[in-house]
Amino acid sequence: RWDGCIDFFTQAAMSACDESMALAAQQAALRDDRNRRVADRRADSASRKLVAALIGTPVFIVNQVKRLLGVSFPAANNAVADFVAHEAIAVLDQAPEQDRRPSLKL
């Protein structure tokens, strides 16, 4: 009987999709919040450029930011000082929600 296996894998796939969607929504909200925080900076400032990179890479060092953005070390350091990505790390570190979907009865 394959019913039990199919049910198990279907629920696992749906749960993984739900968690991915929730994570993406949380990361988008963080990005929007960070964009608001640096809205007063010049459009070409390293701080504004760094916002997009934070979502995919919430942990980095100044030299990585320097290379990523193609800016000087002081500019990269100032951009990093604008952001402490504890919120982004917390989103990635949280446990998946249990029982997000009701059990399937096939």
# chains A, B, ... in the order shown; residues from 1 in each chain; ligands from 1
>>> residues_around(residues="A:Ala52", least_positions_apart="4", cutoff="10 Å", atoms="only C-alpha atoms", output="PyMOL selection string")
chain A and resi 28+31-32+34-35+47-48+56-57
>>> write_last_selection(atoms="C-alpha atoms", output="mmCIF file, in the first residue's frame")
data_model
loop_
_atom_site.group_PDB
_atom_site.id
_atom_site.type_symbol
_atom_site.label_atom_id
_atom_site.label_comp_id
_atom_site.auth_asym_id
_atom_site.auth_seq_id
_atom_site.Cartn_x
_atom_site.Cartn_y
_atom_site.Cartn_z
ATOM 1 C CA ALA A 28 10.569 40.926 2.072
ATOM 2 C CA ARG A 31 13.968 44.407 3.176
ATOM 3 C CA ASP A 32 11.166 46.985 3.130
ATOM 4 C CA ARG A 34 15.654 48.417 5.879
ATOM 5 C CA ASN A 35 14.811 50.445 2.770
ATOM 6 C CA SER A 47 23.987 51.574 2.668
ATOM 7 C CA ARG A 48 21.176 51.650 0.115
ATOM 8 C CA GLY A 56 20.496 36.513 0.647
ATOM 9 C CA THR A 57 23.467 37.061 2.928
#
>>> residues_around(residues="stretch 38-45 of chain A", least_positions_apart="2", cutoff="10 Å", atoms="only C-alpha atoms", output="list in words")
Asp33, Arg34, Asn35, Arg36, Ser47, Arg48, Lys49, Leu50, Val51, Leu69, Val71, Ala75, Ala76, Asn78, Ala79, Asp82 and Phe83 of chain A
>>> residues_around(residues="A:Gln26", least_positions_apart="5", cutoff="10 Å", atoms="only C-alpha atoms", output="list of chain:residue names")
A:Ser20, A:Met21, A:Arg31, A:Asp32, A:Ile55, A:Glu87, A:Ala88, A:Val91, A:Leu92
>>> residues_around(residues="A:Ala22", least_positions_apart="4", cutoff="12 Å", atoms="only C-alpha atoms", output="PDB file with all heavy atoms, in the first residue's frame")
ATOM      1  N   SER A  15       4.304  21.290   3.412  1.00  0.00           N
ATOM      2  CA  SER A  15       4.844  21.992   4.573  1.00  0.00           C
ATOM      3  C   SER A  15       6.096  22.772   4.191  1.00  0.00           C
ATOM      4  O   SER A  15       6.269  23.927   4.603  1.00  0.00           O
ATOM      5  CB  SER A  15       5.158  20.988   5.689  1.00  0.00           C
ATOM      6  OG  SER A  15       5.719  21.640   6.796  1.00  0.00           O
ATOM      7  N   ALA A  16       6.972  22.173   3.402  1.00  0.00           N
ATOM      8  CA  ALA A  16       8.184  22.861   2.958  1.00  0.00           C
ATOM      9  C   ALA A  16       7.834  24.088   2.115  1.00  0.00           C
ATOM     10  O   ALA A  16       8.455  25.148   2.265  1.00  0.00           O
ATOM     11  CB  ALA A  16       9.077  21.901   2.168  1.00  0.00           C
ATOM     12  N   CYS A  17       6.841  23.969   1.260  1.00  0.00           N
ATOM     13  CA  CYS A  17       6.396  25.115   0.446  1.00  0.00           C
ATOM     14  C   CYS A  17       5.820  26.217   1.323  1.00  0.00           C
ATOM     15  O   CYS A  17       6.129  27.397   1.130  1.00  0.00           O
ATOM     16  CB  CYS A  17       5.370  24.673  -0.591  1.00  0.00           C
ATOM     17  SG  CYS A  17       6.059  23.678  -1.917  1.00  0.00           S
ATOM     18  N   ASP A  18       5.009  25.846   2.295  1.00  0.00           N
ATOM     19  CA  ASP A  18       4.428  26.834   3.205  1.00  0.00           C
ATOM     20  C   ASP A  18       5.523  27.573   3.965  1.00  0.00           C
ATOM     21  O   ASP A  18       5.475  28.800   4.097  1.00  0.00           O
ATOM     22  CB  ASP A  18       3.489  26.162   4.207  1.00  0.00           C
ATOM     23  CG  ASP A  18       2.186  25.697   3.578  1.00  0.00           C
ATOM     24  OD1 ASP A  18       1.862  26.155   2.460  1.00  0.00           O
ATOM     25  OD2 ASP A  18       1.493  24.869   4.205  1.00  0.00           O
ATOM     26  N   GLN A  26       8.629  37.139   5.209  1.00  0.00           N
ATOM     27  CA  GLN A  26       9.344  37.782   6.310  1.00  0.00           C
ATOM     28  C   GLN A  26      10.577  38.514   5.802  1.00  0.00           C
ATOM     29  O   GLN A  26      10.882  39.625   6.251  1.00  0.00           O
ATOM     30  CB  GLN A  26       9.727  36.754   7.367  1.00  0.00           C
ATOM     31  CG  GLN A  26       8.538  36.231   8.147  1.00  0.00           C
ATOM     32  CD  GLN A  26       8.931  35.095   9.058  1.00  0.00           C
ATOM     33  OE1 GLN A  26       9.700  34.218   8.684  1.00  0.00           O
ATOM     34  NE2 GLN A  26       8.411  35.118  10.281  1.00  0.00           N
ATOM     35  N   GLN A  27      11.307  37.901   4.887  1.00  0.00           N
ATOM     36  CA  GLN A  27      12.492  38.551   4.336  1.00  0.00           C
ATOM     37  C   GLN A  27      12.116  39.794   3.541  1.00  0.00           C
ATOM     38  O   GLN A  27      12.818  40.805   3.598  1.00  0.00           O
ATOM     39  CB  GLN A  27      13.283  37.572   3.473  1.00  0.00           C
ATOM     40  CG  GLN A  27      13.986  36.518   4.296  1.00  0.00           C
ATOM     41  CD  GLN A  27      14.759  35.548   3.441  1.00  0.00           C
ATOM     42  OE1 GLN A  27      14.356  35.225   2.331  1.00  0.00           O
ATOM     43  NE2 GLN A  27      15.868  35.083   3.952  1.00  0.00           N
ATOM     44  N   ALA A  28      11.025  39.748   2.816  1.00  0.00           N
ATOM     45  CA  ALA A  28      10.569  40.926   2.072  1.00  0.00           C
ATOM     46  C   ALA A  28      10.197  42.059   3.028  1.00  0.00           C
ATOM     47  O   ALA A  28      10.505  43.222   2.772  1.00  0.00           O
ATOM     48  CB  ALA A  28       9.383  40.561   1.173  1.00  0.00           C
ATOM     49  N   ALA A  29       9.563  41.711   4.138  1.00  0.00           N
ATOM     50  CA  ALA A  29       9.213  42.729   5.137  1.00  0.00           C
ATOM     51  C   ALA A  29      10.472  43.345   5.739  1.00  0.00           C
ATOM     52  O   ALA A  29      10.538  44.566   5.940  1.00  0.00           O
ATOM     53  CB  ALA A  29       8.331  42.116   6.225  1.00  0.00           C
ATOM     54  N   VAL A  91      14.955  35.317  11.613  1.00  0.00           N
ATOM     55  CA  VAL A  91      13.988  34.743  10.663  1.00  0.00           C
ATOM     56  C   VAL A  91      14.510  33.407  10.136  1.00  0.00           C
ATOM     57  O   VAL A  91      13.777  32.425  10.058  1.00  0.00           O
ATOM     58  CB  VAL A  91      13.709  35.720   9.503  1.00  0.00           C
ATOM     59  CG1 VAL A  91      12.991  35.026   8.359  1.00  0.00           C
ATOM     60  CG2 VAL A  91      12.898  36.906   9.999  1.00  0.00           C
ATOM     61  N   LEU A  92      15.793  33.364   9.789  1.00  0.00           N
ATOM     62  CA  LEU A  92      16.364  32.137   9.247  1.00  0.00           C
ATOM     63  C   LEU A  92      16.542  31.059  10.312  1.00  0.00           C
ATOM     64  O   LEU A  92      16.557  29.870  10.003  1.00  0.00           O
ATOM     65  CB  LEU A  92      17.715  32.435   8.589  1.00  0.00           C
ATOM     66  CG  LEU A  92      17.661  33.351   7.375  1.00  0.00           C
ATOM     67  CD1 LEU A  92      19.070  33.725   6.947  1.00  0.00           C
ATOM     68  CD2 LEU A  92      16.900  32.704   6.239  1.00  0.00           C
ATOM     69  N   GLN A  94      14.561  30.500  13.009  1.00  0.00           N
ATOM     70  CA  GLN A  94      13.352  30.042  13.696  1.00  0.00           C
ATOM     71  C   GLN A  94      12.957  28.640  13.257  1.00  0.00           C
ATOM     72  O   GLN A  94      13.202  28.227  12.136  1.00  0.00           O
ATOM     73  CB  GLN A  94      12.202  31.018  13.481  1.00  0.00           C
ATOM     74  CG  GLN A  94      11.693  31.077  12.053  1.00  0.00           C
ATOM     75  CD  GLN A  94      10.723  32.215  11.849  1.00  0.00           C
ATOM     76  OE1 GLN A  94      10.386  32.918  12.781  1.00  0.00           O
ATOM     77  NE2 GLN A  94      10.278  32.397  10.636  1.00  0.00           N
ATOM     78  N   ALA A  95      12.320  27.942  14.183  1.00  0.00           N
ATOM     79  CA  ALA A  95      11.836  26.590  13.883  1.00  0.00           C
ATOM     80  C   ALA A  95      10.606  26.684  12.993  1.00  0.00           C
ATOM     81  O   ALA A  95       9.822  27.625  13.104  1.00  0.00           O
ATOM     82  CB  ALA A  95      11.478  25.876  15.178  1.00  0.00           C
ATOM     83  N   PRO A  96      10.422  25.710  12.107  1.00  0.00           N
ATOM     84  CA  PRO A  96       9.212  25.701  11.274  1.00  0.00           C
ATOM     85  C   PRO A  96       7.970  25.583  12.139  1.00  0.00           C
ATOM     86  O   PRO A  96       7.990  24.964  13.201  1.00  0.00           O
ATOM     87  CB  PRO A  96       9.372  24.450  10.403  1.00  0.00           C
ATOM     88  CG  PRO A  96      10.802  24.074  10.500  1.00  0.00           C
ATOM     89  CD  PRO A  96      11.301  24.599  11.809  1.00  0.00           C
ATOM     90  N   GLU A  97       6.900  26.202  11.694  1.00  0.00           N
ATOM     91  CA  GLU A  97       5.632  26.082  12.407  1.00  0.00           C
ATOM     92  C   GLU A  97       5.084  24.684  12.207  1.00  0.00           C
ATOM     93  O   GLU A  97       5.130  24.124  11.113  1.00  0.00           O
ATOM     94  CB  GLU A  97       4.627  27.108  11.887  1.00  0.00           C
ATOM     95  CG  GLU A  97       4.984  28.523  12.266  1.00  0.00           C
ATOM     96  CD  GLU A  97       3.894  29.501  11.864  1.00  0.00           C
ATOM     97  OE1 GLU A  97       2.725  29.084  11.755  1.00  0.00           O
ATOM     98  OE2 GLU A  97       4.236  30.666  11.656  1.00  0.00           O
ATOM     99  N   ARG A 100       0.821  23.474  10.197  1.00  0.00           N
ATOM    100  CA  ARG A 100       0.343  24.618   9.422  1.00  0.00           C
ATOM    101  C   ARG A 100      -0.854  24.198   8.558  1.00  0.00           C
ATOM    102  O   ARG A 100      -1.747  24.963   8.310  1.00  0.00           O
ATOM    103  CB  ARG A 100       1.458  25.156   8.546  1.00  0.00           C
ATOM    104  CG  ARG A 100       1.107  26.446   7.835  1.00  0.00           C
ATOM    105  CD  ARG A 100       2.243  26.912   6.971  1.00  0.00           C
ATOM    106  NE  ARG A 100       3.345  27.405   7.731  1.00  0.00           N
ATOM    107  CZ  ARG A 100       3.561  28.692   8.018  1.00  0.00           C
ATOM    108  NH1 ARG A 100       2.715  29.587   7.605  1.00  0.00           N
ATOM    109  NH2 ARG A 100       4.597  29.072   8.705  1.00  0.00           N
TER     110      ARG A 100
END
>>> select_by_dssp(residues="chain A", states="alpha helix (DSSP H)", output="PyMOL selection string")
chain A and resi 3-37+46-56+62-69+73-82+86-93
>>> write_last_selection(atoms="C-alpha atoms", output="mmCIF file, in the first residue's frame")
data_model
loop_
_atom_site.group_PDB
_atom_site.id
_atom_site.type_symbol
_atom_site.label_atom_id
_atom_site.label_comp_id
_atom_site.auth_asym_id
_atom_site.auth_seq_id
_atom_site.Cartn_x
_atom_site.Cartn_y
_atom_site.Cartn_z
ATOM 1 C CA ASP A 3 -1.290 5.500 0.472
ATOM 2 C CA GLY A 4 0.689 6.153 3.662
ATOM 3 C CA CYS A 5 3.901 6.995 1.799
ATOM 4 C CA ILE A 6 2.132 9.269 -0.652
ATOM 5 C CA ASP A 7 0.339 11.051 2.205
ATOM 6 C CA PHE A 8 3.578 11.497 4.138
ATOM 7 C CA PHE A 9 5.551 12.917 1.195
ATOM 8 C CA THR A 10 2.661 15.105 0.047
ATOM 9 C CA GLN A 11 2.354 16.664 3.497
ATOM 10 C CA ALA A 12 6.132 17.126 3.728
ATOM 11 C CA ALA A 13 6.256 18.865 0.339
ATOM 12 C CA MET A 14 3.319 21.141 1.187
ATOM 13 C CA SER A 15 4.844 21.992 4.573
ATOM 14 C CA ALA A 16 8.184 22.861 2.958
ATOM 15 C CA CYS A 17 6.396 25.115 0.446
ATOM 16 C CA ASP A 18 4.428 26.834 3.205
ATOM 17 C CA GLU A 19 7.588 27.472 5.219
ATOM 18 C CA SER A 20 9.404 28.803 2.146
ATOM 19 C CA MET A 21 6.563 31.199 1.399
ATOM 20 C CA ALA A 22 6.463 32.397 5.021
ATOM 21 C CA LEU A 23 10.240 32.910 5.019
ATOM 22 C CA ALA A 24 10.101 34.849 1.755
ATOM 23 C CA ALA A 25 7.366 37.110 3.133
ATOM 24 C CA GLN A 26 9.344 37.782 6.310
ATOM 25 C CA GLN A 27 12.492 38.551 4.336
ATOM 26 C CA ALA A 28 10.569 40.926 2.072
ATOM 27 C CA ALA A 29 9.213 42.729 5.137
ATOM 28 C CA LEU A 30 12.760 43.050 6.512
ATOM 29 C CA ARG A 31 13.968 44.407 3.176
ATOM 30 C CA ASP A 32 11.166 46.985 3.130
ATOM 31 C CA ASP A 33 11.963 48.024 6.704
ATOM 32 C CA ARG A 34 15.654 48.417 5.879
ATOM 33 C CA ASN A 35 14.811 50.445 2.770
ATOM 34 C CA ARG A 36 12.809 52.810 4.982
ATOM 35 C CA ARG A 37 15.765 53.098 7.374
ATOM 36 C CA ALA A 46 26.643 51.823 -0.051
ATOM 37 C CA SER A 47 23.987 51.574 2.668
ATOM 38 C CA ARG A 48 21.176 51.650 0.115
ATOM 39 C CA LYS A 49 22.966 49.156 -2.140
ATOM 40 C CA LEU A 50 23.552 46.811 0.783
ATOM 41 C CA VAL A 51 19.826 46.381 1.493
ATOM 42 C CA ALA A 52 19.355 44.011 -1.454
ATOM 43 C CA ALA A 53 22.360 41.919 -0.439
ATOM 44 C CA LEU A 54 21.173 41.488 3.140
ATOM 45 C CA ILE A 55 18.318 39.184 2.230
ATOM 46 C CA GLY A 56 20.496 36.513 0.647
ATOM 47 C CA VAL A 62 33.255 44.416 5.666
ATOM 48 C CA ASN A 63 35.680 43.115 3.028
ATOM 49 C CA GLN A 64 32.867 41.025 1.490
ATOM 50 C CA VAL A 65 30.651 44.119 1.306
ATOM 51 C CA LYS A 66 33.547 46.092 -0.213
ATOM 52 C CA ARG A 67 33.944 43.503 -2.996
ATOM 53 C CA LEU A 68 30.206 42.959 -3.475
ATOM 54 C CA LEU A 69 29.376 46.634 -3.845
ATOM 55 C CA PHE A 73 36.605 49.958 2.791
ATOM 56 C CA PRO A 74 35.376 53.051 4.695
ATOM 57 C CA ALA A 75 32.170 53.147 2.606
ATOM 58 C CA ALA A 76 31.598 49.432 3.175
ATOM 59 C CA ASN A 77 32.309 49.826 6.880
ATOM 60 C CA ASN A 78 29.820 52.688 7.144
ATOM 61 C CA ALA A 79 27.191 50.628 5.320
ATOM 62 C CA VAL A 80 27.724 47.676 7.645
ATOM 63 C CA ALA A 81 27.471 50.007 10.645
ATOM 64 C CA ASP A 82 23.997 51.034 9.401
ATOM 65 C CA HIS A 86 19.814 40.251 13.945
ATOM 66 C CA GLU A 87 16.274 40.299 12.556
ATOM 67 C CA ALA A 88 17.313 38.518 9.359
ATOM 68 C CA ILE A 89 19.249 35.890 11.289
ATOM 69 C CA ALA A 90 16.299 35.350 13.647
ATOM 70 C CA VAL A 91 13.988 34.743 10.663
ATOM 71 C CA LEU A 92 16.364 32.137 9.247
ATOM 72 C CA ASP A 93 16.974 30.546 12.654
#
>>> decode(residues="stretch 46-83 of chain A", atoms="N, CA, C and O atoms", output="CSV table (one decimal), in the first residue's frame")
chain,number,residue,atom,x,y,z
A,46,ALA,N,26.4,53.2,-0.3
A,46,ALA,CA,26.6,51.8,-0.1
A,46,ALA,C,25.6,51.3,0.8
A,46,ALA,O,25.2,50.1,0.7
A,47,SER,N,25.0,52.1,1.8
A,47,SER,CA,24.0,51.6,2.7
A,47,SER,C,22.7,51.2,1.9
A,47,SER,O,22.1,50.2,2.2
A,48,ARG,N,22.4,52.0,0.9
A,48,ARG,CA,21.2,51.6,0.1
A,48,ARG,C,21.4,50.4,-0.8
A,48,ARG,O,20.5,49.6,-1.0
A,49,LYS,N,22.6,50.3,-1.3
A,49,LYS,CA,23.0,49.2,-2.1
A,49,LYS,C,23.0,47.9,-1.3
A,49,LYS,O,22.7,46.8,-1.8
A,50,LEU,N,23.4,48.0,-0.1
A,50,LEU,CA,23.6,46.8,0.8
A,50,LEU,C,22.2,46.2,1.1
A,50,LEU,O,22.2,45.0,1.4
A,51,VAL,N,21.1,46.9,1.1
A,51,VAL,CA,19.8,46.4,1.5
A,51,VAL,C,19.5,45.1,0.7
A,51,VAL,O,19.1,44.1,1.2
A,52,ALA,N,19.7,45.2,-0.6
A,52,ALA,CA,19.4,44.0,-1.5
A,52,ALA,C,20.2,42.8,-1.1
A,52,ALA,O,19.7,41.7,-1.1
A,53,ALA,N,21.5,43.0,-0.8
A,53,ALA,CA,22.4,41.9,-0.4
A,53,ALA,C,22.0,41.3,0.9
A,53,ALA,O,22.3,40.1,1.1
A,54,LEU,N,21.4,42.0,1.8
A,54,LEU,CA,21.2,41.5,3.1
A,54,LEU,C,20.2,40.3,3.1
A,54,LEU,O,20.4,39.4,4.0
A,55,ILE,N,19.3,40.3,2.2
A,55,ILE,CA,18.3,39.2,2.2
A,55,ILE,C,19.0,37.8,2.0
A,55,ILE,O,18.8,36.9,2.7
A,56,GLY,N,19.8,37.8,1.0
A,56,GLY,CA,20.5,36.5,0.6
A,56,GLY,C,21.7,36.2,1.5
A,56,GLY,O,22.1,35.1,1.6
A,57,THR,N,22.3,37.2,2.1
A,57,THR,CA,23.5,37.1,2.9
A,57,THR,C,23.4,37.9,4.2
A,57,THR,O,23.9,39.0,4.2
A,58,PRO,N,22.7,37.4,5.2
A,58,PRO,CA,22.5,38.3,6.4
A,58,PRO,C,23.8,38.4,7.3
A,58,PRO,O,23.8,39.2,8.2
A,59,VAL,N,24.8,37.5,7.0
A,59,VAL,CA,26.0,37.6,7.8
A,59,VAL,C,27.1,37.8,6.8
A,59,VAL,O,27.3,37.0,5.8
A,60,PHE,N,27.9,38.8,7.0
A,60,PHE,CA,29.0,39.1,6.1
A,60,PHE,C,30.1,39.9,6.9
A,60,PHE,O,29.8,40.4,8.0
A,61,ILE,N,31.2,40.1,6.3
A,61,ILE,CA,32.3,41.0,6.8
A,61,ILE,C,32.5,42.1,5.9
A,61,ILE,O,32.0,42.1,4.7
A,62,VAL,N,33.1,43.2,6.4
A,62,VAL,CA,33.3,44.4,5.7
A,62,VAL,C,34.0,44.2,4.3
A,62,VAL,O,33.5,44.8,3.3
A,63,ASN,N,35.0,43.4,4.3
A,63,ASN,CA,35.7,43.1,3.0
A,63,ASN,C,34.8,42.5,2.0
A,63,ASN,O,34.9,42.7,0.8
A,64,GLN,N,33.8,41.6,2.4
A,64,GLN,CA,32.9,41.0,1.5
A,64,GLN,C,32.0,42.1,0.9
A,64,GLN,O,31.7,42.1,-0.3
A,65,VAL,N,31.5,43.0,1.8
A,65,VAL,CA,30.7,44.1,1.3
A,65,VAL,C,31.4,45.0,0.3
A,65,VAL,O,30.9,45.4,-0.7
A,66,LYS,N,32.7,45.3,0.7
A,66,LYS,CA,33.5,46.1,-0.2
A,66,LYS,C,33.6,45.5,-1.6
A,66,LYS,O,33.4,46.2,-2.6
A,67,ARG,N,33.9,44.2,-1.7
A,67,ARG,CA,33.9,43.5,-3.0
A,67,ARG,C,32.6,43.4,-3.7
A,67,ARG,O,32.5,43.7,-4.9
A,68,LEU,N,31.6,43.1,-2.9
A,68,LEU,CA,30.2,43.0,-3.5
A,68,LEU,C,29.7,44.3,-4.1
A,68,LEU,O,29.1,44.3,-5.2
A,69,LEU,N,29.9,45.4,-3.4
A,69,LEU,CA,29.4,46.6,-3.8
A,69,LEU,C,30.4,47.4,-4.7
A,69,LEU,O,30.0,48.4,-5.3
A,70,GLY,N,31.6,47.0,-4.7
A,70,GLY,CA,32.6,47.8,-5.4
A,70,GLY,C,32.9,49.2,-4.8
A,70,GLY,O,33.0,50.1,-5.6
A,71,VAL,N,32.9,49.2,-3.5
A,71,VAL,CA,33.1,50.5,-2.8
A,71,VAL,C,34.4,50.4,-2.0
A,71,VAL,O,35.0,49.4,-1.8
A,72,SER,N,34.8,51.5,-1.4
A,72,SER,CA,36.0,51.6,-0.6
A,72,SER,C,35.7,50.9,0.8
A,72,SER,O,34.5,50.7,1.1
A,73,PHE,N,36.8,50.6,1.5
A,73,PHE,CA,36.6,50.0,2.8
A,73,PHE,C,35.8,50.9,3.7
A,73,PHE,O,34.9,50.4,4.4
A,74,PRO,N,36.2,52.2,3.8
A,74,PRO,CA,35.4,53.1,4.7
A,74,PRO,C,33.9,53.1,4.3
A,74,PRO,O,33.0,53.1,5.2
A,75,ALA,N,33.6,53.1,3.0
A,75,ALA,CA,32.2,53.1,2.6
A,75,ALA,C,31.5,51.8,3.0
A,75,ALA,O,30.3,51.9,3.5
A,76,ALA,N,32.2,50.7,2.8
A,76,ALA,CA,31.6,49.4,3.2
A,76,ALA,C,31.4,49.4,4.7
A,76,ALA,O,30.4,48.9,5.2
A,77,ASN,N,32.4,49.8,5.4
A,77,ASN,CA,32.3,49.8,6.9
A,77,ASN,C,31.1,50.7,7.4
A,77,ASN,O,30.4,50.3,8.3
A,78,ASN,N,31.0,51.8,6.8
A,78,ASN,CA,29.8,52.7,7.1
A,78,ASN,C,28.5,52.0,6.8
A,78,ASN,O,27.5,52.1,7.6
A,79,ALA,N,28.4,51.3,5.7
A,79,ALA,CA,27.2,50.6,5.3
A,79,ALA,C,26.9,49.5,6.3
A,79,ALA,O,25.7,49.3,6.7
A,80,VAL,N,27.9,48.8,6.7
A,80,VAL,CA,27.7,47.7,7.6
A,80,VAL,C,27.3,48.2,9.0
A,80,VAL,O,26.4,47.7,9.7
A,81,ALA,N,27.8,49.4,9.4
A,81,ALA,CA,27.5,50.0,10.6
A,81,ALA,C,26.0,50.4,10.7
A,81,ALA,O,25.4,50.5,11.7
A,82,ASP,N,25.4,50.7,9.5
A,82,ASP,CA,24.0,51.0,9.4
A,82,ASP,C,23.1,49.9,9.7
A,82,ASP,O,21.9,50.0,10.0
A,83,PHE,N,23.6,48.6,9.6
A,83,PHE,CA,22.8,47.4,9.7
A,83,PHE,C,23.3,46.4,10.7
A,83,PHE,O,24.5,46.1,10.6
